[in-house]
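File shown: work_26.cif (mmCIF, C-alpha atoms).
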data_run
loop_
_atom_site.label_atom_id
_atom_site.label_comp_id
_atom_site.auth_asym_id
_atom_site.auth_seq_id
_atom_site.Cartn_x
_atom_site.Cartn_y
_atom_site.Cartn_z
CA MET A 167 91.37 69.77 141.86
CA ASP A 168 93.93 71.78 139.87
CA HIS A 169 92.64 74.74 137.93
CA PHE A 170 93.43 75.29 134.26
CA ILE A 171 94.82 78.74 135.06
CA GLN A 172 96.28 79.74 138.43
CA LEU A 173 96.68 83.46 139.04
CA SER A 174 99.49 82.77 141.49
CA ASN A 175 101.56 81.35 138.63
CA PHE A 176 101.68 84.75 136.93
CA SER A 177 103.80 86.05 139.80
CA LYS A 178 106.37 83.40 138.91
CA ILE A 179 106.65 84.90 135.41
CA VAL A 180 107.39 88.46 136.59
CA PRO A 181 111.14 87.85 137.17
CA TYR A 182 111.39 86.76 133.52
CA ALA A 183 109.66 89.84 132.06
CA GLN A 184 112.93 90.96 130.44
CA MET A 185 113.04 87.72 128.44
CA PHE A 186 109.63 88.51 126.95
CA GLU A 187 110.76 92.08 126.18
CA GLN A 188 113.84 90.77 124.41
CA GLY A 189 111.71 88.18 122.60
CA LEU A 190 109.41 90.97 121.42
CA VAL A 191 112.35 92.89 119.94
CA VAL A 192 113.69 89.76 118.24
CA THR A 193 110.26 88.89 116.80
CA VAL A 194 109.77 92.38 115.32
CA LEU A 195 113.29 92.48 113.83
CA LEU A 196 112.89 88.95 112.50
CA SER A 197 109.64 89.92 110.78
CA LEU A 198 111.04 93.15 109.31
CA PHE A 199 114.14 91.51 107.83
CA THR A 200 112.09 88.56 106.60
CA VAL A 201 109.65 90.76 104.67
CA LEU A 202 112.56 92.78 103.23
CA ILE A 203 114.41 89.68 102.02
CA GLY A 204 111.15 88.09 100.89
CA PHE A 205 110.16 91.14 98.83
CA VAL A 206 113.51 91.34 97.00
CA LEU A 207 113.48 87.59 96.34
CA ALA A 208 109.83 87.65 95.28
CA LEU A 209 110.44 90.51 92.84
CA LEU A 210 113.26 88.52 91.23
CA LEU A 211 111.12 85.37 91.07
CA ALA A 212 108.17 87.28 89.61
CA LEU A 213 110.34 88.79 86.87
CA MET A 214 111.77 85.33 86.13
CA ARG A 215 108.27 83.87 85.81
CA MET A 216 107.18 86.69 83.51
CA SER A 217 110.33 86.57 81.38
CA ASN A 218 110.40 85.40 77.79
CA VAL A 219 113.80 83.70 77.73
CA ARG A 220 113.61 80.76 75.32
CA PRO A 221 117.11 79.56 74.36
CA PHE A 222 115.72 76.80 72.10
CA ARG A 223 113.29 79.07 70.23
CA SER A 224 114.85 78.27 66.86
CA LEU A 225 114.01 74.58 67.23
CA GLY A 226 110.35 75.44 66.80
CA LEU A 227 110.93 76.26 63.14
CA ASP A 228 111.37 73.72 60.36
CA GLN A 229 114.02 73.90 57.63
CA TYR A 230 111.85 76.34 55.69
CA GLY A 231 111.46 78.74 58.61
CA HIS A 232 107.84 77.80 59.27
CA LEU A 233 106.48 77.06 62.75
CA ARG A 234 106.23 73.33 63.41
CA ASP A 235 102.77 71.83 63.86
CA GLY A 236 103.76 69.93 66.98
CA GLY A 237 106.20 67.44 68.40
CA PHE A 238 109.03 67.47 70.93
CA LEU A 239 111.07 70.18 69.20
CA LEU A 240 108.14 72.63 69.27
CA THR A 241 107.63 71.91 72.98
CA LEU A 242 111.34 72.36 73.64
CA SER A 243 111.35 75.67 71.75
CA LYS A 244 108.80 77.04 74.24
CA PHE A 245 110.86 76.00 77.27
CA ASN A 246 111.81 78.92 79.51
CA PRO A 247 114.49 77.86 82.05
CA LEU A 248 114.10 81.01 84.19
CA SER A 249 110.34 80.59 84.46
CA PHE A 250 110.75 76.86 85.15
CA LEU A 251 113.24 77.41 88.00
CA ALA A 252 111.14 80.18 89.57
CA THR A 253 107.95 78.13 89.32
CA ALA A 254 109.66 75.05 90.80
CA TYR A 255 111.02 77.13 93.69
CA VAL A 256 107.62 78.66 94.46
CA GLU A 257 105.75 75.36 94.29
CA VAL A 258 108.25 73.46 96.45
CA LEU A 259 108.38 76.06 99.21
CA ARG A 260 104.62 76.61 99.23
CA SER A 261 104.01 72.86 99.43
CA THR A 262 106.33 72.02 102.34
CA PRO A 263 106.08 72.91 106.06
CA VAL A 264 107.93 75.99 107.28
CA ILE A 265 109.52 74.06 110.14
CA VAL A 266 111.07 71.61 107.67
CA GLN A 267 112.52 74.51 105.66
CA VAL A 268 113.91 76.15 108.82
CA MET A 269 115.56 72.89 109.88
CA ILE A 270 117.08 72.30 106.44
CA ILE A 271 118.48 75.83 106.25
CA TYR A 272 119.86 75.78 109.80
CA TYR A 273 121.22 72.23 110.04
CA GLY A 274 121.84 71.62 106.34
CA VAL A 275 123.03 74.86 104.76
CA PHE A 276 124.43 76.72 107.75
CA GLY A 277 125.63 73.48 109.28
CA ILE A 278 128.51 73.57 106.79
CA ILE A 279 128.93 77.37 106.85
CA ASP A 280 130.75 78.70 109.88
CA LEU A 281 128.92 81.89 110.76
CA PRO A 282 130.60 84.46 113.04
CA ARG A 283 129.41 84.19 116.63
CA PHE A 284 128.44 87.49 118.21
CA THR A 285 125.42 89.12 119.79
CA VAL A 286 123.44 92.17 118.70
CA PHE A 287 122.00 94.41 121.42
CA GLY A 288 123.54 92.01 123.90
CA PHE A 289 120.98 89.22 123.49
CA ILE A 290 120.41 88.44 119.78
CA LYS A 291 122.66 85.56 118.73
CA PHE A 292 123.64 86.24 115.13
CA GLU A 293 124.53 82.60 114.31
CA ARG A 294 120.93 81.61 115.09
CA PHE A 295 119.08 84.78 114.10
CA PHE A 296 120.55 84.96 110.58
CA PRO A 297 119.59 81.40 109.50
CA GLY A 298 116.10 82.04 110.85
CA VAL A 299 115.79 85.21 108.76
CA VAL A 300 117.07 83.43 105.65
CA ALA A 301 114.68 80.49 106.06
CA LEU A 302 111.64 82.69 106.69
CA GLY A 303 112.70 85.10 103.91
CA MET A 304 112.91 82.25 101.40
CA ASN A 305 109.47 81.03 102.44
CA SER A 306 107.97 84.53 102.35
CA GLY A 307 109.48 85.13 98.91
CA ALA A 308 107.59 82.15 97.52
CA TYR A 309 104.26 83.60 98.70
CA LEU A 310 105.01 87.22 97.86
CA CYS A 311 106.07 86.18 94.35
CA GLU A 312 102.48 85.54 93.29
CA ILE A 313 101.34 88.79 94.91
CA ILE A 314 103.97 90.82 93.06
CA ARG A 315 103.38 89.00 89.78
CA SER A 316 99.65 89.73 89.95
CA GLY A 317 100.45 93.36 90.80
CA LEU A 318 102.74 93.71 87.80
CA GLN A 319 100.17 92.13 85.52
CA SER A 320 97.41 94.38 86.87
CA VAL A 321 99.03 97.47 85.32
CA ASP A 322 97.32 98.38 82.05
CA GLY A 323 99.32 97.14 79.08
CA GLY A 324 98.56 100.36 77.24
CA GLN A 325 100.95 102.17 79.54
CA THR A 326 103.79 99.96 78.36
CA GLU A 327 102.96 100.82 74.75
CA ALA A 328 102.89 104.51 75.67
CA ALA A 329 106.30 104.17 77.34
CA ARG A 330 107.74 102.59 74.22
CA SER A 331 106.35 105.38 72.07
CA LEU A 332 108.20 107.85 74.34
CA GLY A 333 111.44 105.97 73.74
CA LEU A 334 111.75 104.34 77.17
CA THR A 335 113.64 101.05 77.35
CA GLN A 336 112.10 97.96 78.92
CA LYS A 337 114.09 98.53 82.13
CA GLN A 338 113.07 102.19 82.33
CA ASN A 339 109.46 101.22 81.74
CA LEU A 340 109.62 98.67 84.55
CA ARG A 341 111.38 101.03 86.94
CA PHE A 342 109.49 104.26 86.40
CA ILE A 343 106.03 103.16 85.24
CA ILE A 344 105.18 99.54 86.05
CA LEU A 345 106.81 99.04 89.47
CA PRO A 346 105.49 102.21 91.18
CA GLN A 347 101.91 101.38 90.21
CA ALA A 348 102.29 97.69 91.03
CA VAL A 349 103.74 98.42 94.48
CA LYS A 350 100.81 100.74 95.23
CA ASN A 351 98.38 97.96 94.29
CA ILE A 352 100.07 95.26 96.35
CA LEU A 353 101.18 97.32 99.36
CA PRO A 354 98.28 96.13 101.57
CA ALA A 355 99.03 92.49 100.70
CA ILE A 356 102.72 92.97 101.54
CA ALA A 357 101.78 94.58 104.85
CA ASN A 358 99.49 91.65 105.61
CA GLU A 359 102.39 89.33 104.91
CA PHE A 360 104.27 91.18 107.66
CA VAL A 361 101.49 90.25 110.10
CA VAL A 362 101.62 86.62 108.95
CA ILE A 363 105.40 86.53 109.43
CA ILE A 364 105.06 87.86 112.99
CA LYS A 365 103.03 84.76 113.81
CA GLU A 366 105.07 82.31 111.72
CA SER A 367 108.35 83.55 113.23
CA ALA A 368 107.45 81.64 116.40
CA ILE A 369 108.75 78.51 114.68
CA THR A 370 112.34 79.79 114.83
CA TYR A 371 112.58 79.09 118.55
CA THR A 372 113.23 75.48 117.50
CA ILE A 373 116.70 76.53 116.28
CA GLY A 374 117.46 78.66 119.32
CA VAL A 375 116.32 82.10 118.15
CA GLN A 376 115.55 84.15 121.28
CA ASP A 377 112.02 85.12 120.27
CA ILE A 378 108.80 85.21 122.31
CA MET A 379 108.28 81.44 122.20
CA SER A 380 111.87 80.94 123.32
CA ALA A 381 111.05 83.04 126.41
CA VAL A 382 108.05 80.77 127.06
CA GLN A 383 110.25 77.69 126.93
CA GLN A 384 112.82 79.24 129.28
CA VAL A 385 110.13 80.16 131.81
CA LYS A 386 108.68 76.68 131.54
CA GLY A 387 112.07 75.11 132.22
CA ALA A 388 112.72 77.35 135.22
CA THR A 389 109.27 77.36 136.87
CA PHE A 390 107.57 74.21 135.47
CA VAL A 391 104.64 76.46 134.48
CA ILE A 392 103.43 76.41 130.88
CA ILE A 393 99.85 77.69 130.44
CA GLU A 394 100.43 81.12 131.98
CA PRO A 395 103.59 81.89 129.92
CA LEU A 396 101.68 80.82 126.82
CA LEU A 397 98.89 83.23 127.70
CA VAL A 398 101.45 86.03 128.10
CA ALA A 399 102.90 85.14 124.68
CA THR A 400 99.39 85.10 123.21
CA ALA A 401 98.73 88.58 124.57
CA ILE A 402 102.01 89.89 123.12
CA TYR A 403 101.33 88.41 119.67
CA PHE A 404 97.79 89.82 119.78
CA CYS A 405 99.09 93.29 120.70
CA LEU A 406 101.48 93.09 117.76
CA CYS A 407 99.15 91.69 115.12
CA PHE A 408 95.71 93.14 115.87
CA PRO A 409 96.64 96.87 115.84
CA THR A 410 98.90 96.32 112.83
CA SER A 411 96.12 94.63 110.86
CA LYS A 412 93.71 97.46 111.73
CA VAL A 413 96.21 100.11 110.60
CA ILE A 414 96.70 98.19 107.34
CA ALA A 415 92.94 97.99 106.81
CA TYR A 416 92.64 101.74 107.41
CA PHE A 417 95.28 102.65 104.83
CA GLU A 418 93.83 100.11 102.40
CA ARG A 419 90.45 101.88 102.61
CA ARG A 420 92.12 105.26 102.14
CA MET A 421 93.99 104.03 99.07
CA SER A 422 90.87 102.47 97.58
CA ARG A 423 88.97 105.76 98.02
CA GLY A 424 91.82 107.55 96.26
CA ASP A 425 91.52 105.19 93.30
CA LYS A 426 87.79 105.92 92.92
CA ARG A 427 88.26 109.69 92.60
#
Could you write out this file's structure as structure tokens?
Amino acid sequence: MDHFIQLSNFSKIVPYAQMFEQGLVVTVLLSLFTVLIGFVLALLLALMRMSNVRPFRSLGLDQYGHLRDGGFLLTLSKFNPLSFLATAYVEVLRSTPVIVQVMIIYYGVFGIIDLPRFTVFGFIKFERFFPGVVALGMNSGAYLCEIIRSGLQSVDGGQTEAARSLGLTQKQNLRFIILPQAVKNILPAIANEFVVIIKESAITYTIGVQDIMSAVQQVKGATFVIIEPLLVATAIYFCLCFPTSKVIAYFERRMSRGDKR
């Protein structure tokens, strides 16, 4: 009877160790760029959702300049196109599978854009790596948006009033007072998102990104062995995620102690 795991099969994986090493590098780079793109996008989306842009504000007033009691014009006067677009983006991407988004970006968007074909470090295919980063970054931005928005809203409103009394503009207040405190509050959550992306990046092998799961598929095709390569991949992901999550938890405790002093 065949065993679930055969130790002899691990020897068949040894010649392909370099593939797993390259997949490890690709996975880490994919996660780093994804979190970077996701953070910038999320910050923009959060500011859009918190904005007060109402181009039809005047429709909420009657001919005497009084606020209407109700009706379509009053509803239209409260419409914020920036907040609407940001909210729609977040809800759509959070409500659809990542693999569907990756496929749409790769085959749909970059199917009509001719990306330059070259390799980085000799094994990272740019024309496949870049769409993967974009797709994961867009997805990550939708989740980080709520984290950043809650971080911005957690800053005491009295500090904004103090900034205005000192003559700071709204942009200066956001840059020098609100953002630094918000980033400190949400840093652990952003770091946790990095751990999540490490695991979710495995989906990009479906578009040919040379990550850890791609190495598993190549070993499977060459040796007809699947369980053992999957166990190797599991060990690599564990060695990436577990220590990282512990380091994050350590710094989170240190930061929380600092806030209590």
>> Applying the PyMOL selection byres ((chain A and resi 183-188) around 9) to the file I just gave you, which residues come out? Please list them as a ChimeraX atom specification.
In response: /A:179-182,189-193,289-290,376-382,384-385,398-399,402
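Using only C-alpha atoms, the smallest distance between any of A:Ala415, A:Leu227, A:Ala329, A:Met304 and Ala208 of chain A comes from A:Met304.
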> Between A:Phe360, A:Phe222, A:Phe404, A:Tyr309, which is the closest to Lys244 of chain A once you count all atoms listed in the file?
Replying inline: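 Closest to Lys244 of chain A, using all atoms listed in the file: A:Phe222.
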>> Under the PyMOL selection byres ((chain A and resi 204) around 8), which residues of this model are included? Write them out as an MDAnalysis selection string.
In response: chainID A and resid 200:203 205:208 302:308 310
>> When the PyMOL selection byres ((chain A and resi 241) around 12) is applied to the structure above, which residues does it catch, written out as a ChimeraX atom specification?
In response: /A:220,222-227,233-240,242-246
> Using only C-alpha atoms, which residue out of A:Pro247, A:Gly323, A:Gly298, A:Pro282 lies closest to Ile363 of chain A?
Replying inline: A:Gly298
> In Å, how far is it from atom CA of Leu345 of chain A to atom CA of Leu259 of chain A?
Replying inline: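 Taking atom CA of Leu345 of chain A as the start and atom CA of Leu259 of chain A as the end point, the length is 25.0 Å.
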> A:Cys405, A:Ala301, A:Leu334, A:Val219: which is nearest Pro263 of chain A, counting only C-alpha atoms?
Replying inline: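 The closest residue to Pro263 of chain A is A:Ala301.
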